[in-house]
Amino acid sequence: MAEHGRRIETLSFKPNGKVPNSRFPVLIHRAGIKAPPGVDMADAIEATFRRHDWLNNWRELGVYDYYHFHSTTHEVLGMARGSITLRLGGEGGTVVVLAPGDVVVLPAGTSHTRLENSPDSHMVGGYPEGRDWDLIRDEEVTEAESRAAIKLIGSLPIPARDPVTGEPMTLWRDAPRTYGIQF
């Protein structure tokens with residue numbers, strides 16, 4: 001799918017063991033953010049996220065190197081330098097490689113881990129409206145914690161705007177209402 005010259009890839013994941021994943025697709029904006037001349041890519045990414053109300057920003061090497069998901073918020077990851085290889089959707093999920101300017105929008109509940117990264121890897125993250133995040137490790141989550149996470153995830157609002165384009169989150173608003181999990 002292309003919007004305004006940008007290429008957006010979507011990935012969908014069904015529940016994977018005790019990992020809920022999401023009824024919403026993961027959005028990957030390839031070369032979604034370009035830094036103007038003389039502007040650091042991390043600054044350009046953070047400014048774009050902030051302009052579209054994805055706050056509580058951080059700058060780090062990248063994603064943790066163990067499978068985890070968040071139940072209290074959706075998350076955006078923007079690649080500022082280097083490259084990173086992620087697996088999304090939990091064990092056996094899809095492997096994606098991100099380059100500078102690529103942005104991944106992860107719906108709450110989507111498992112993700114870092115498989116490898118270049119030595120200069122640097123990423124900017126954020127959360128809609130600056131929501132606080134939790135961290136649930138796939139291999140440690142109990143059945144009861146998984147059920148509680150699913151209920152919490154189901155109560156989260158769809159963000160008002162896409163962190164890259166600033167447009168409504170149409171691909172999430174148009175997503176099926178359920179993917180087979182009973183609340």
# chains A, B, ... in the order shown; residues from 1 in each chain; ligands from 1
>>> residues_around(residues="stretch 14-23 of chain A", least_positions_apart="5", cutoff="8 Å", atoms="only C-alpha atoms", output="JSON, numbers by chain")
{"A": [69, 89, 90, 91, 107, 108, 109, 110, 111, 138, 141, 142, 143, 146, 149, 150, 175, 176, 177, 178, 179]}
>>> residues_around(residues="A:His122", least_positions_apart="6", cutoff="12 Å", atoms="only C-alpha atoms", output="mmCIF file with C-alpha atoms, in the first residue's frame")
data_model
loop_
_atom_site.group_PDB
_atom_site.id
_atom_site.type_symbol
_atom_site.label_atom_id
_atom_site.label_comp_id
_atom_site.auth_asym_id
_atom_site.auth_seq_id
_atom_site.Cartn_x
_atom_site.Cartn_y
_atom_site.Cartn_z
ATOM 1 C CA ASP A 40 19.986 14.389 12.675
ATOM 2 C CA MET A 41 17.696 11.479 11.739
ATOM 3 C CA ALA A 42 16.881 10.763 15.415
ATOM 4 C CA ASP A 43 15.780 14.390 15.851
ATOM 5 C CA ILE A 45 11.998 10.968 13.837
ATOM 6 C CA TRP A 58 13.128 7.295 24.128
ATOM 7 C CA ARG A 59 16.366 6.808 22.185
ATOM 8 C CA GLU A 60 18.239 3.540 22.505
ATOM 9 C CA LEU A 61 20.205 0.846 20.684
ATOM 10 C CA GLY A 62 16.854 -0.655 19.765
ATOM 11 C CA VAL A 63 14.522 -3.354 20.984
ATOM 12 C CA LEU A 77 9.806 2.318 16.656
ATOM 13 C CA GLY A 78 11.773 4.512 14.247
ATOM 14 C CA MET A 79 15.209 3.500 12.939
ATOM 15 C CA ALA A 80 17.610 6.454 13.151
ATOM 16 C CA ARG A 81 20.990 4.828 12.381
ATOM 17 C CA GLY A 82 22.347 1.463 11.391
ATOM 18 C CA SER A 83 20.104 -1.533 10.984
ATOM 19 C CA ILE A 84 18.192 -3.909 13.190
ATOM 20 C CA LEU A 98 14.818 -1.986 9.459
ATOM 21 C CA ALA A 99 17.051 0.663 7.900
ATOM 22 C CA PRO A 100 17.284 4.395 8.691
ATOM 23 C CA GLY A 101 13.951 6.127 8.174
ATOM 24 C CA ASP A 102 11.911 2.920 8.547
#
>>> closest_residue(among="A:Ile158, A:Ala144, A:Ile153, A:Leu27", to="A:Pro128", atoms="only C-alpha atoms")
A:Ile158
>>> atom_distance(atom1="atom CA of A:Gly92", atom2="atom CA of A:Arg114")
13.5 Å
>>> select_by_dssp(residues="stretch 2-175 of chain A", states="strand (DSSP E)", output="VMD selection string")
chain A and resid 2 to 3 6 to 13 22 to 30 54 to 60 68 to 69 75 to 81 84 to 88 94 to 98 103 to 106 112 to 117 122 to 128 136 to 137
>>> closest_residue(among="A:Ala44, A:Leu115, A:Leu88, A:Ile28", to="A:Val76", atoms="only C-alpha atoms")
A:Ile28
>>> residues_around(residues="A:Asp65", least_positions_apart="5", cutoff="10 Å", atoms="only C-alpha atoms", output="list in words")
Leu86, Arg87, His112, Thr113, Arg114, Leu115 and Glu116 of chain A
>>> closest_residue(among="A:Arg131, A:Arg7, A:Arg147, A:Arg161", to="A:Thr72", atoms="only C-alpha atoms")
A:Arg131
>>> closest_residue(among="A:Asp132, A:Glu145, A:Glu46, A:Glu140", to="A:Tyr66", atoms="only C-alpha atoms")
A:Glu140
>>> select_by_dssp(residues="stretch 36-102 of chain A", states="helix (DSSP H, G or I)", output="number ranges by chain")
A: 41-51
>>> write_last_selection(atoms="C-alpha atoms", output="mmCIF file, in the first residue's frame")
data_model
loop_
_atom_site.group_PDB
_atom_site.id
_atom_site.type_symbol
_atom_site.label_atom_id
_atom_site.label_comp_id
_atom_site.auth_asym_id
_atom_site.auth_seq_id
_atom_site.Cartn_x
_atom_site.Cartn_y
_atom_site.Cartn_z
ATOM 1 C CA MET A 41 17.696 11.479 11.739
ATOM 2 C CA ALA A 42 16.881 10.763 15.415
ATOM 3 C CA ASP A 43 15.780 14.390 15.851
ATOM 4 C CA ALA A 44 13.656 14.205 12.681
ATOM 5 C CA ILE A 45 11.998 10.968 13.837
ATOM 6 C CA GLU A 46 11.279 12.263 17.328
ATOM 7 C CA ALA A 47 9.897 15.552 15.974
ATOM 8 C CA THR A 48 7.583 13.640 13.609
ATOM 9 C CA PHE A 49 6.339 11.362 16.391
ATOM 10 C CA ARG A 50 5.797 14.309 18.736
ATOM 11 C CA ARG A 51 3.956 16.323 16.069
#
>>> closest_residue(among="A:Pro25, A:Leu106, A:Thr10, A:Asp120", to="A:Ser71", atoms="only C-alpha atoms")
A:Leu106
>>> atom_distance(atom1="atom CA of A:His52", atom2="atom CA of A:Gly126")
10.6 Å
